[in-house]
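Asks: This one is protein_39.cif, mmCIF, C-alpha atoms.
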data_input
loop_
_atom_site.label_atom_id
_atom_site.label_comp_id
_atom_site.auth_asym_id
_atom_site.auth_seq_id
_atom_site.Cartn_x
_atom_site.Cartn_y
_atom_site.Cartn_z
CA MET M 10 66.70 111.39 -16.88
CA THR M 11 64.33 114.28 -16.44
CA ALA M 12 63.35 113.34 -12.90
CA ILE M 13 66.94 113.70 -11.75
CA ALA M 14 67.52 116.86 -13.71
CA ALA M 15 64.53 118.46 -12.09
CA ASP M 16 66.01 117.87 -8.65
CA ALA M 17 68.58 119.97 -6.86
CA GLY M 18 71.62 118.24 -8.36
CA PRO M 19 74.25 120.07 -10.42
CA GLN M 20 73.18 120.24 -14.04
CA TRP M 21 76.52 119.11 -15.45
CA VAL M 22 76.40 115.91 -13.35
CA ASN M 23 72.89 115.23 -14.58
CA ASP M 24 74.02 115.79 -18.16
CA LEU M 25 76.91 113.32 -17.76
CA MET M 26 74.66 110.62 -16.29
CA ASP M 27 72.00 111.31 -18.92
CA ALA M 28 74.54 110.85 -21.69
CA LEU M 29 76.75 108.06 -20.29
CA GLY M 30 74.82 106.41 -17.46
CA ALA M 31 76.94 104.91 -14.66
CA PRO M 32 80.24 105.73 -16.48
CA GLY M 33 79.13 109.37 -16.40
CA ALA M 34 78.95 109.19 -12.60
CA GLY M 35 82.43 107.66 -12.60
CA LEU M 36 83.73 110.46 -14.82
CA ALA M 37 82.21 113.07 -12.49
CA ILE M 38 83.98 111.49 -9.50
CA ALA M 39 87.29 111.39 -11.39
CA LEU M 40 86.94 115.12 -12.05
CA GLU M 41 86.08 115.65 -8.39
CA ASN M 42 89.42 114.09 -7.44
CA LEU M 43 91.31 116.41 -9.76
CA PHE M 44 89.32 119.48 -8.73
CA PRO M 45 88.49 119.13 -4.99
CA PRO M 46 85.92 121.96 -4.93
CA LEU M 47 83.61 119.70 -6.95
CA PRO M 48 81.36 118.08 -4.33
CA SER M 49 81.53 114.28 -4.12
CA GLU M 50 78.95 114.46 -1.33
CA VAL M 51 76.52 115.72 -3.98
CA ILE M 52 77.58 113.51 -6.90
CA LEU M 53 77.47 110.19 -5.03
CA PRO M 54 74.01 110.49 -3.40
CA LEU M 55 72.64 111.83 -6.68
CA ALA M 56 74.00 108.75 -8.47
CA GLY M 57 72.41 106.57 -5.80
CA PHE M 58 69.08 108.31 -6.37
CA ALA M 59 69.45 107.69 -10.09
CA ALA M 60 69.96 103.98 -9.37
CA SER M 61 66.91 103.87 -7.11
CA SER M 62 64.78 105.36 -9.88
CA GLY M 63 65.87 102.53 -12.21
CA ARG M 64 67.89 104.75 -14.52
CA MET M 65 71.06 102.69 -13.92
CA SER M 66 72.24 99.64 -12.04
CA LEU M 67 73.27 100.12 -8.39
CA LEU M 68 76.24 97.76 -8.83
CA ALA M 69 77.34 99.64 -11.92
CA VAL M 70 77.21 102.93 -10.03
CA LEU M 71 79.36 101.52 -7.21
CA LEU M 72 81.92 100.06 -9.61
CA TRP M 73 82.17 103.10 -11.86
CA THR M 74 82.35 105.66 -9.08
CA THR M 75 85.10 103.66 -7.35
CA ALA M 76 86.95 103.37 -10.65
CA GLY M 77 86.62 107.13 -11.15
CA SER M 78 88.07 107.75 -7.68
CA VAL M 79 91.06 105.51 -8.38
CA ILE M 80 91.72 107.08 -11.80
CA GLY M 81 91.61 110.60 -10.36
CA ALA M 82 93.87 109.63 -7.45
CA LEU M 83 96.29 107.93 -9.84
CA ALA M 84 96.54 111.12 -11.91
CA LEU M 85 97.46 113.11 -8.79
CA TYR M 86 99.95 110.40 -7.80
CA GLY M 87 101.58 110.93 -11.20
CA VAL M 88 101.76 114.69 -10.56
CA GLY M 89 103.58 114.03 -7.28
CA ALA M 90 105.94 111.53 -8.91
CA LEU M 91 106.81 113.98 -11.69
CA LEU M 92 107.33 116.75 -9.17
CA GLY M 93 109.71 114.64 -7.13
CA ARG M 94 111.31 115.26 -3.75
CA ASP M 95 114.01 117.68 -4.90
CA ARG M 96 111.55 120.00 -6.63
CA THR M 97 109.17 119.80 -3.69
CA VAL M 98 111.94 120.82 -1.29
CA ALA M 99 113.06 123.62 -3.63
CA ILE M 100 109.51 124.98 -3.87
CA ALA M 101 108.97 124.71 -0.12
CA ALA M 102 112.24 126.53 0.59
CA ARG M 103 110.91 129.56 -1.31
CA LEU M 104 107.69 129.71 0.67
CA PRO M 105 107.56 132.14 3.59
CA LEU M 106 107.66 130.62 7.08
CA VAL M 107 108.36 127.16 5.66
CA LYS M 108 111.68 125.48 6.33
CA VAL M 109 113.31 122.52 4.66
CA ALA M 110 113.25 120.86 8.10
CA ASP M 111 109.44 120.97 7.95
CA ILE M 112 109.49 119.02 4.68
CA GLU M 113 111.93 116.51 6.14
CA LYS M 114 109.71 115.97 9.19
CA THR M 115 106.66 115.54 6.96
CA GLU M 116 108.60 113.10 4.81
CA ALA M 117 109.65 111.08 7.86
CA TRP M 118 106.06 111.05 9.12
CA PHE M 119 104.72 109.94 5.74
CA LEU M 120 107.29 107.16 5.44
CA LYS M 121 106.10 105.87 8.81
CA HIS M 122 102.33 106.45 8.51
CA GLY M 123 101.82 106.80 4.75
CA THR M 124 99.67 103.70 4.33
CA LYS M 125 97.24 104.86 7.04
CA ALA M 126 97.22 108.38 5.60
CA VAL M 127 96.30 107.17 2.11
CA PHE M 128 93.59 104.80 3.35
CA PHE M 129 91.87 107.08 5.87
CA GLY M 130 92.60 110.18 3.80
CA ARG M 131 90.17 108.87 1.17
CA MET M 132 87.38 109.44 3.69
CA ILE M 133 88.23 113.02 4.66
CA PRO M 134 86.89 115.88 2.50
CA ILE M 135 89.53 118.08 0.85
CA PHE M 136 92.39 115.75 1.89
CA ARG M 137 90.92 112.76 0.07
CA SER M 138 92.30 114.14 -3.18
CA LEU M 139 95.44 115.89 -1.93
CA ILE M 140 96.81 112.84 -0.11
CA SER M 141 97.71 111.27 -3.46
CA VAL M 142 100.32 113.95 -4.20
CA PRO M 143 102.74 113.18 -1.31
CA ALA M 144 102.25 109.48 -2.05
CA GLY M 145 103.60 110.17 -5.52
CA VAL M 146 106.41 112.41 -4.26
CA GLU M 147 107.58 109.66 -1.90
CA ARG M 148 107.09 107.05 -4.66
CA MET M 149 104.90 104.79 -2.55
CA ARG M 150 104.79 101.38 -4.20
CA LEU M 151 102.10 101.58 -6.84
CA PRO M 152 100.32 98.30 -5.97
CA VAL M 153 100.09 99.41 -2.33
CA PHE M 154 98.81 102.85 -3.31
CA LEU M 155 96.21 101.43 -5.69
CA GLY M 156 95.04 98.85 -3.16
CA LEU M 157 94.63 101.37 -0.32
CA THR M 158 93.01 103.96 -2.59
CA THR M 159 90.57 101.43 -4.02
CA LEU M 160 89.57 100.14 -0.60
CA GLY M 161 89.18 103.59 0.98
CA SER M 162 87.30 104.95 -2.03
CA ALA M 163 84.99 101.95 -2.16
CA ILE M 164 84.00 102.48 1.50
CA TRP M 165 83.41 106.21 1.05
CA ASN M 166 81.53 105.85 -2.24
CA THR M 167 79.38 102.94 -1.11
CA ALA M 168 78.21 104.80 2.00
CA PHE M 169 77.04 107.82 0.01
CA VAL M 170 75.64 105.98 -2.96
CA LEU M 171 73.59 103.71 -0.69
CA ALA M 172 72.40 106.71 1.32
CA GLY M 173 71.13 108.34 -1.85
CA TYR M 174 69.65 105.02 -3.01
CA PHE M 175 67.57 104.50 0.15
CA LEU M 176 66.66 108.15 0.68
CA GLY M 177 65.40 108.48 -2.89
CA ALA M 178 64.08 111.96 -3.58
CA ASN M 179 65.44 113.10 -0.21
CA TRP M 180 69.02 112.32 -1.24
CA HIS M 181 70.06 115.96 -0.71
CA GLN M 182 69.79 115.40 3.07
CA VAL M 183 73.04 113.46 2.84
CA SER M 184 74.83 116.34 1.16
CA ASP M 185 73.54 118.72 3.84
CA ILE M 186 75.02 116.58 6.62
CA VAL M 187 78.34 116.05 4.84
CA SER M 188 78.53 119.72 3.95
CA ALA M 189 78.53 120.51 7.67
CA TYR M 190 81.21 117.82 8.19
CA SER M 191 83.32 119.36 5.42
CA LYS M 192 83.05 122.80 7.00
CA VAL M 193 84.28 121.39 10.32
CA VAL M 194 87.25 119.74 8.60
CA LEU M 195 88.03 122.96 6.75
CA ALA M 196 87.80 124.99 9.98
CA VAL M 197 90.19 122.60 11.75
CA ALA M 198 92.63 122.87 8.84
CA VAL M 199 92.47 126.67 8.90
CA VAL M 200 93.07 126.73 12.67
CA ALA M 201 96.03 124.34 12.29
CA VAL M 202 97.58 126.55 9.62
CA ALA M 203 97.00 129.66 11.74
CA VAL M 204 98.65 128.01 14.76
CA PHE M 205 101.61 126.95 12.61
CA ILE M 206 102.07 130.49 11.28
CA GLY M 207 101.70 132.02 14.76
CA VAL M 208 104.25 129.66 16.33
CA ARG M 209 106.71 130.19 13.49
CA LEU M 210 106.42 134.01 13.73
CA LEU M 211 106.84 133.88 17.52
CA ARG M 212 109.96 131.74 17.25
CA ARG M 213 111.40 134.05 14.61
CA ARG M 214 110.76 137.09 16.84
CA GLU M 215 112.35 135.41 19.87
CA GLY M 216 115.34 134.41 17.75
CA ALA M 217 115.80 138.00 16.59
CA ARG M 218 115.66 139.23 20.21
CA GLY M 219 118.23 136.67 21.29
CA THR M 220 120.56 137.68 18.49
CA ALA M 221 120.24 141.37 19.41
CA ARG M 222 120.87 140.61 23.11
CA THR M 223 124.00 138.63 22.27
CA ALA M 224 125.28 141.43 20.05
CA THR M 225 124.92 144.02 22.85
CA THR M 226 126.57 141.93 25.60
CA ALA M 227 129.45 140.41 23.66
CA PRO M 228 132.70 142.48 23.69
CA HIS M 229 133.64 144.08 20.43
CA PRO M 230 136.95 142.84 18.97
CA HIS M 231 138.24 146.45 18.78
CA ASP M 232 137.51 147.24 22.44
CA ASP M 233 140.54 148.25 24.56
CA HIS M 234 142.04 145.53 26.71
CA PRO M 235 144.49 146.07 29.61
CA THR M 236 148.00 145.79 28.29
CA ARG M 237 150.35 143.30 29.76
CA THR M 238 154.01 143.99 30.45
CA LEU M 239 156.16 141.25 29.04
CA ARG M 240 159.37 140.53 30.88
CA ARG M 241 162.33 139.25 29.01
CA PRO M 242 163.81 136.09 30.48
CA SER M 243 166.96 136.65 32.52
CA LEU M 244 170.08 135.53 30.67
CA PRO M 245 173.48 134.74 32.17
CA ARG M 246 175.92 137.63 32.17
CA GLU M 247 178.35 137.75 29.34
CA THR M 248 182.03 137.38 30.25
CA PRO M 249 184.85 139.22 28.51
CA SER M 250 186.44 137.39 25.69
CA GLY M 251 189.36 135.21 26.68
CA SER M 252 188.51 135.10 30.39
CA ALA M 253 187.08 132.15 32.21
CA PRO M 254 183.66 132.41 33.55
CA ARG M 255 183.53 133.56 37.16
CA PRO M 256 182.84 130.63 39.40
CA GLU M 257 179.80 130.88 41.53
CA ARG M 258 180.37 131.23 45.26
CA PRO M 259 179.38 128.22 47.22
CA ALA M 260 176.55 128.77 49.58
CA ARG M 261 177.67 129.43 53.14
CA GLU M 262 176.86 126.63 55.44
CA ALA M 263 174.85 127.38 58.45
CA PRO M 264 176.73 127.08 61.80
#
I need this file expressed as C-alpha coordinates, please.
Replies:
Amino acid sequence: MTAIAADAGPQWVNDLMDALGAPGAGLAIALENLFPPLPSEVILPLAGFAASSGRMSLLAVLLWTTAGSVIGALALYGVGALLGRDRTVAIAARLPLVKVADIEKTEAWFLKHGTKAVFFGRMIPIFRSLISVPAGVERMRLPVFLGLTTLGSAIWNTAFVLAGYFLGANWHQVSDIVSAYSKVVLAVAVVAVAVFIGVRLLRRREGARGTARTATTAPHPHDDHPTRTLRRPSLPRETPSGSAPRPERPAREAP
(Lines of atoms letter the chains of each structure in order from A and count residues from 1; the text may use other names and numbers.)
(Lines give C-alpha, C1' and ligand atoms only; values in the text may rest on other atoms or scores of the structure.)
Protein backbone atom coordinates (compact mmCIF):
# COMPACT_ATOMS: atom_id res chain seq x y z
CA MET A 1 0.00 0.00 0.00
CA THR A 2 2.77 2.34 -1.01
CA ALA A 3 0.45 4.96 -2.47
CA ILE A 4 -1.23 5.43 0.89
CA ALA A 5 2.01 5.36 2.81
CA ALA A 6 3.38 8.11 0.64
CA ASP A 7 0.49 10.37 1.56
CA ALA A 8 0.11 12.48 4.67
CA GLY A 9 -1.45 9.75 6.82
CA PRO A 10 0.10 8.52 10.07
CA GLN A 11 2.65 5.82 9.36
CA TRP A 12 1.37 3.43 12.02
CA VAL A 13 -2.14 3.50 10.50
CA ASN A 14 -0.68 2.78 7.08
CA ASP A 15 1.32 -0.11 8.53
CA LEU A 16 -1.80 -1.62 10.14
CA MET A 17 -3.80 -1.41 6.92
CA ASP A 18 -0.85 -2.72 4.91
CA ALA A 19 -0.57 -5.74 7.19
CA LEU A 20 -4.24 -6.46 7.99
CA GLY A 21 -6.34 -4.63 5.41
CA ALA A 22 -9.80 -3.51 6.59
CA PRO A 23 -9.38 -5.20 10.03
CA GLY A 24 -6.31 -3.00 10.48
CA ALA A 25 -8.49 0.08 10.05
CA GLY A 26 -10.90 -1.38 12.60
CA LEU A 27 -8.05 -1.97 15.04
CA ALA A 28 -6.86 1.61 14.60
CA ILE A 29 -10.35 2.92 15.40
CA ALA A 30 -10.58 0.69 18.49
CA LEU A 31 -7.30 2.17 19.72
CA GLU A 32 -8.64 5.65 18.96
CA ASN A 33 -11.55 4.98 21.32
CA LEU A 34 -9.22 3.94 24.11
CA PHE A 35 -6.78 6.79 23.48
CA PRO A 36 -8.83 9.85 22.39
CA PRO A 37 -5.81 11.88 21.19
CA LEU A 38 -5.52 9.45 18.28
CA PRO A 39 -7.37 11.18 15.42
CA SER A 40 -10.38 9.31 14.03
CA GLU A 41 -10.87 12.20 11.59
CA VAL A 42 -7.56 11.13 10.03
CA ILE A 43 -7.96 7.35 10.26
CA LEU A 44 -11.44 7.15 8.70
CA PRO A 45 -10.86 9.31 5.58
CA LEU A 46 -7.54 7.56 5.05
CA ALA A 47 -9.33 4.20 5.14
CA GLY A 48 -11.86 5.56 2.66
CA PHE A 49 -9.04 6.63 0.36
CA ALA A 50 -7.55 3.14 0.64
CA ALA A 51 -10.90 1.68 -0.44
CA SER A 52 -11.14 4.08 -3.39
CA SER A 53 -7.70 2.97 -4.58
CA GLY A 54 -8.90 -0.66 -4.61
CA ARG A 55 -6.70 -1.78 -1.74
CA MET A 56 -9.72 -2.97 0.28
CA SER A 57 -13.48 -3.24 0.02
CA LEU A 58 -15.53 -0.17 0.96
CA LEU A 59 -18.13 -2.33 2.73
CA ALA A 60 -15.40 -4.11 4.66
CA VAL A 61 -13.96 -0.77 5.78
CA LEU A 62 -17.38 0.41 7.02
CA LEU A 63 -18.05 -2.82 8.88
CA TRP A 64 -14.62 -3.13 10.47
CA THR A 65 -14.33 0.49 11.53
CA THR A 66 -17.79 0.35 13.14
CA ALA A 67 -16.84 -2.88 14.88
CA GLY A 68 -13.64 -1.24 16.13
CA SER A 69 -15.64 1.68 17.52
CA VAL A 70 -18.01 -0.64 19.37
CA ILE A 71 -15.17 -2.76 20.79
CA GLY A 72 -13.31 0.31 22.05
CA ALA A 73 -16.48 1.78 23.56
CA LEU A 74 -17.30 -1.55 25.21
CA ALA A 75 -13.86 -1.62 26.84
CA LEU A 76 -14.46 1.84 28.33
CA TYR A 77 -17.93 0.75 29.44
CA GLY A 78 -16.23 -2.08 31.32
CA VAL A 79 -13.86 0.40 32.98
CA GLY A 80 -16.85 2.43 34.20
CA ALA A 81 -18.65 -0.68 35.42
CA LEU A 82 -15.60 -1.86 37.36
CA LEU A 83 -15.13 1.60 38.83
CA GLY A 84 -18.71 1.72 40.03
CA ARG A 85 -20.72 4.55 41.56
CA ASP A 86 -19.26 4.37 45.07
CA ARG A 87 -15.67 4.62 43.87
CA THR A 88 -16.59 7.40 41.45
CA VAL A 89 -18.19 9.41 44.27
CA ALA A 90 -15.20 8.74 46.55
CA ILE A 91 -12.75 9.93 43.88
CA ALA A 92 -14.86 13.00 43.07
CA ALA A 93 -15.09 13.92 46.76
CA ARG A 94 -11.29 14.21 46.88
CA LEU A 95 -11.11 16.53 43.90
CA PRO A 96 -10.87 20.26 44.61
CA LEU A 97 -14.00 22.32 43.91
CA VAL A 98 -16.04 19.18 43.21
CA LYS A 99 -18.87 18.23 45.52
CA VAL A 100 -20.74 14.98 45.89
CA ALA A 101 -23.87 16.96 44.97
CA ASP A 102 -22.32 17.60 41.55
CA ILE A 103 -21.97 13.86 40.98
CA GLU A 104 -25.54 13.28 42.11
CA LYS A 105 -26.84 15.94 39.70
CA THR A 106 -24.80 14.44 36.86
CA GLU A 107 -26.12 11.00 37.75
CA ALA A 108 -29.72 12.26 37.72
CA TRP A 109 -29.13 13.96 34.38
CA PHE A 110 -27.58 10.83 32.88
CA LEU A 111 -30.42 8.62 34.12
CA LYS A 112 -32.83 10.96 32.32
CA HIS A 113 -30.86 11.73 29.14
CA GLY A 114 -28.31 8.90 29.02
CA THR A 115 -29.60 7.31 25.81
CA LYS A 116 -29.36 10.62 23.93
CA ALA A 117 -25.93 11.29 25.41
CA VAL A 118 -24.55 7.93 24.27
CA PHE A 119 -26.02 8.22 20.77
CA PHE A 120 -25.10 11.83 19.99
CA GLY A 121 -21.90 11.62 22.03
CA ARG A 122 -20.52 9.21 19.43
CA MET A 123 -20.48 12.12 16.97
CA ILE A 124 -18.67 14.66 19.16
CA PRO A 125 -14.85 14.63 19.21
CA ILE A 126 -13.25 13.93 22.60
CA PHE A 127 -16.60 13.03 24.20
CA ARG A 128 -17.28 10.21 21.74
CA SER A 129 -14.94 8.00 23.74
CA LEU A 130 -15.48 9.36 27.25
CA ILE A 131 -19.27 9.00 27.16
CA SER A 132 -18.90 5.23 27.52
CA VAL A 133 -17.44 5.55 31.03
CA PRO A 134 -20.51 7.08 32.76
CA ALA A 135 -22.67 4.60 30.86
CA GLY A 136 -20.71 1.84 32.55
CA VAL A 137 -20.77 3.54 35.96
CA GLU A 138 -24.57 3.82 35.78
CA ARG A 139 -24.79 0.25 34.42
CA MET A 140 -26.85 1.21 31.39
CA ARG A 141 -28.43 -1.94 30.00
CA LEU A 142 -25.82 -3.52 27.77
CA PRO A 143 -28.11 -4.20 24.76
CA VAL A 144 -29.23 -0.55 24.81
CA PHE A 145 -25.65 0.70 25.09
CA LEU A 146 -24.44 -1.54 22.27
CA GLY A 147 -27.34 -0.59 20.01
CA LEU A 148 -26.90 3.17 20.52
CA THR A 149 -23.12 2.96 20.22
CA THR A 150 -23.31 0.90 17.03
CA LEU A 151 -25.81 3.24 15.42
CA GLY A 152 -23.99 6.45 16.38
CA SER A 153 -20.60 5.03 15.38
CA ALA A 154 -21.93 3.77 12.06
CA ILE A 155 -23.22 7.25 11.17
CA TRP A 156 -19.97 8.97 12.18
CA ASN A 157 -17.71 6.40 10.49
CA THR A 158 -19.73 6.21 7.29
CA ALA A 159 -19.65 9.98 6.81
CA PHE A 160 -15.87 10.16 7.08
CA VAL A 161 -15.07 6.98 5.21
CA LEU A 162 -17.27 8.05 2.30
CA ALA A 163 -15.74 11.52 2.33
CA GLY A 164 -12.28 10.00 2.00
CA TYR A 165 -13.57 7.56 -0.64
CA PHE A 166 -14.96 10.29 -2.91
CA LEU A 167 -12.21 12.83 -2.29
CA GLY A 168 -9.51 10.28 -3.12
CA ALA A 169 -6.05 11.80 -2.87
CA ASN A 170 -7.58 14.94 -1.34
CA TRP A 171 -8.89 13.00 1.66
CA HIS A 172 -6.85 15.17 4.06
CA GLN A 173 -9.29 18.06 3.39
CA VAL A 174 -11.79 16.22 5.58
CA SER A 175 -9.35 16.03 8.47
CA ASP A 176 -8.61 19.75 8.11
CA ILE A 177 -12.29 20.63 8.44
CA VAL A 178 -12.91 18.26 11.35
CA SER A 179 -9.75 19.43 13.07
CA ALA A 180 -11.24 22.93 13.19
CA TYR A 181 -14.50 21.43 14.51
CA SER A 182 -12.58 19.56 17.21
CA LYS A 183 -10.80 22.73 18.28
CA VAL A 184 -14.16 24.51 18.65
CA VAL A 185 -15.51 21.65 20.78
CA LEU A 186 -12.36 21.68 22.90
CA ALA A 187 -12.57 25.46 23.34
CA VAL A 188 -16.21 25.22 24.46
CA ALA A 189 -15.28 22.50 26.94
CA VAL A 190 -12.42 24.59 28.34
CA VAL A 191 -14.70 27.63 28.72
CA ALA A 192 -17.34 25.50 30.46
CA VAL A 193 -14.77 24.16 32.91
CA ALA A 194 -13.43 27.67 33.54
CA VAL A 195 -16.95 28.99 34.22
CA PHE A 196 -17.61 26.09 36.59
CA ILE A 197 -14.40 26.78 38.53
CA GLY A 198 -15.07 30.54 38.63
CA VAL A 199 -18.63 30.11 39.91
CA ARG A 200 -17.55 27.58 42.52
CA LEU A 201 -14.73 29.85 43.79
CA LEU A 202 -17.10 32.84 43.92
CA ARG A 203 -19.68 30.90 45.92
CA ARG A 204 -17.02 29.67 48.30
CA ARG A 205 -15.76 33.24 48.84
CA GLU A 206 -19.29 34.56 49.45
CA GLY A 207 -19.94 31.72 51.88
CA ALA A 208 -16.78 32.57 53.82
CA ARG A 209 -17.84 36.25 54.00
CA GLY A 210 -21.28 35.30 55.24
CA THR A 211 -19.82 33.08 57.94
CA ALA A 212 -17.47 35.85 59.09
CA ARG A 213 -20.33 38.40 59.16
CA THR A 214 -22.48 36.07 61.25
CA ALA A 215 -19.62 35.47 63.67
CA THR A 216 -19.12 39.23 64.25
CA THR A 217 -22.81 40.09 64.76
CA ALA A 218 -23.92 37.14 66.88
CA PRO A 219 -23.57 37.65 70.68
CA HIS A 220 -20.90 35.62 72.36
CA PRO A 221 -22.22 33.14 74.95
CA HIS A 222 -19.90 34.64 77.61
CA ASP A 223 -21.08 38.23 77.07
CA ASP A 224 -22.62 39.95 80.13
CA HIS A 225 -26.40 40.01 80.28
CA PRO A 226 -28.51 42.24 82.57
CA THR A 227 -29.25 40.34 85.74
CA ARG A 228 -32.79 39.79 86.79
CA THR A 229 -34.00 40.05 90.37
CA LEU A 230 -36.03 37.03 91.29
CA ARG A 231 -38.77 37.57 93.83
CA ARG A 232 -39.76 34.79 96.10
CA PRO A 233 -43.47 34.06 96.10
CA SER A 234 -45.34 35.45 99.09
CA LEU A 235 -46.28 32.74 101.57
CA PRO A 236 -48.95 32.92 104.27
CA ARG A 237 -47.68 34.00 107.67
CA GLU A 238 -46.90 31.27 110.08
CA THR A 239 -49.03 31.13 113.24
CA PRO A 240 -47.72 30.14 116.66
CA SER A 241 -48.09 26.53 117.52
CA GLY A 242 -51.33 25.65 119.23
CA SER A 243 -53.17 28.83 118.22
CA ALA A 244 -55.86 29.04 115.62
CA PRO A 245 -55.17 30.93 112.54
CA ARG A 246 -56.28 34.55 112.69
CA PRO A 247 -59.46 34.98 110.75
CA GLU A 248 -59.36 37.45 107.97
CA ARG A 249 -61.39 40.61 108.43
CA PRO A 250 -64.37 40.83 106.20
CA ALA A 251 -64.24 43.61 103.71
CA ARG A 252 -66.15 46.69 104.82
CA GLU A 253 -69.23 47.27 102.82
CA ALA A 254 -69.61 50.53 101.13
CA PRO A 255 -72.39 52.79 102.55
Asks: Name all residues at most 10 Å from M:Phe175 (count all atoms listed in the file; drop same-chain ones fewer than 3 positions away) and give them as a VMD selection string.
Replies: chain M and resid 54 57 to 58 60 to 61 170 to 172 178 to 180
Asks: So that I can see what lies close to M:Thr74, please list as a PDB file with C-alpha atoms, keeping the file's coordinate frame the residues with an atom at most 9 Å from it, counting only C-alpha atoms and leaving out residues fewer than 4 positions away in the same chain.
Replies:
ATOM      1  CA  ALA M  31      76.940 104.910 -14.660  1.00  0.00           C
ATOM      2  CA  PRO M  32      80.240 105.730 -16.480  1.00  0.00           C
ATOM      3  CA  GLY M  33      79.130 109.370 -16.400  1.00  0.00           C
ATOM      4  CA  ALA M  34      78.950 109.190 -12.600  1.00  0.00           C
ATOM      5  CA  GLY M  35      82.430 107.660 -12.600  1.00  0.00           C
ATOM      6  CA  LEU M  36      83.730 110.460 -14.820  1.00  0.00           C
ATOM      7  CA  ALA M  37      82.210 113.070 -12.490  1.00  0.00           C
ATOM      8  CA  ILE M  38      83.980 111.490  -9.500  1.00  0.00           C
ATOM      9  CA  ALA M  39      87.290 111.390 -11.390  1.00  0.00           C
ATOM     10  CA  LEU M  53      77.470 110.190  -5.030  1.00  0.00           C
ATOM     11  CA  ALA M  56      74.000 108.750  -8.470  1.00  0.00           C
ATOM     12  CA  ALA M  69      77.340  99.640 -11.920  1.00  0.00           C
ATOM     13  CA  VAL M  70      77.210 102.930 -10.030  1.00  0.00           C
ATOM     14  CA  SER M  78      88.070 107.750  -7.680  1.00  0.00           C
ATOM     15  CA  VAL M  79      91.060 105.510  -8.380  1.00  0.00           C
ATOM     16  CA  SER M 162      87.300 104.950  -2.030  1.00  0.00           C
ATOM     17  CA  ALA M 163      84.990 101.950  -2.160  1.00  0.00           C
ATOM     18  CA  ASN M 166      81.530 105.850  -2.240  1.00  0.00           C
ATOM     19  CA  THR M 167      79.380 102.940  -1.110  1.00  0.00           C
TER      20      THR M 167
END
Asks: Find the spatial neighbours of stretch 81-87 of chain M, counting all atoms listed in the file, within a cut-off of 12 Å - ignore same-chain residues fewer than 4 positions away - and output them as a VMD selection string.
Replies: chain M and resid 35 to 45 74 to 77 91 to 93 127 to 128 130 to 131 136 to 159 161 to 162
Asks: Between atom CA of M:Leu72 and atom CA of M:Trp165, what is the distance, to one decimal in Å?
Replies: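 So the answer is 12.4 Å.
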Asks: Quick one, how far is atom CA of M:Leu68 from atom CA of M:Gln20?
Replies: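 Calculated distance between atom CA of M:Leu68 and atom CA of M:Gln20 is 23.3 Å.
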Asks: Just the number, please: distance in Å from atom CA of M:Asp27 to atom CA of M:Ile135, one decimal.
Replies: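 Answer for the atom CA of M:Asp27 to atom CA of M:Ile135 separation: 27.3 Å.
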Asks: M:Val22, M:Leu160, M:Ala28, M:Leu55: which is nearest M:Val183, counting only C-alpha atoms?
Replies: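 Checking each candidate against M:Val183, we get M:Leu55 as the closest.
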Asks: Using all atoms listed in the file, which of M:Trp73, M:Trp118, M:Phe169, M:Phe129 sits nearest M:Ile52?
Replies: M:Phe169
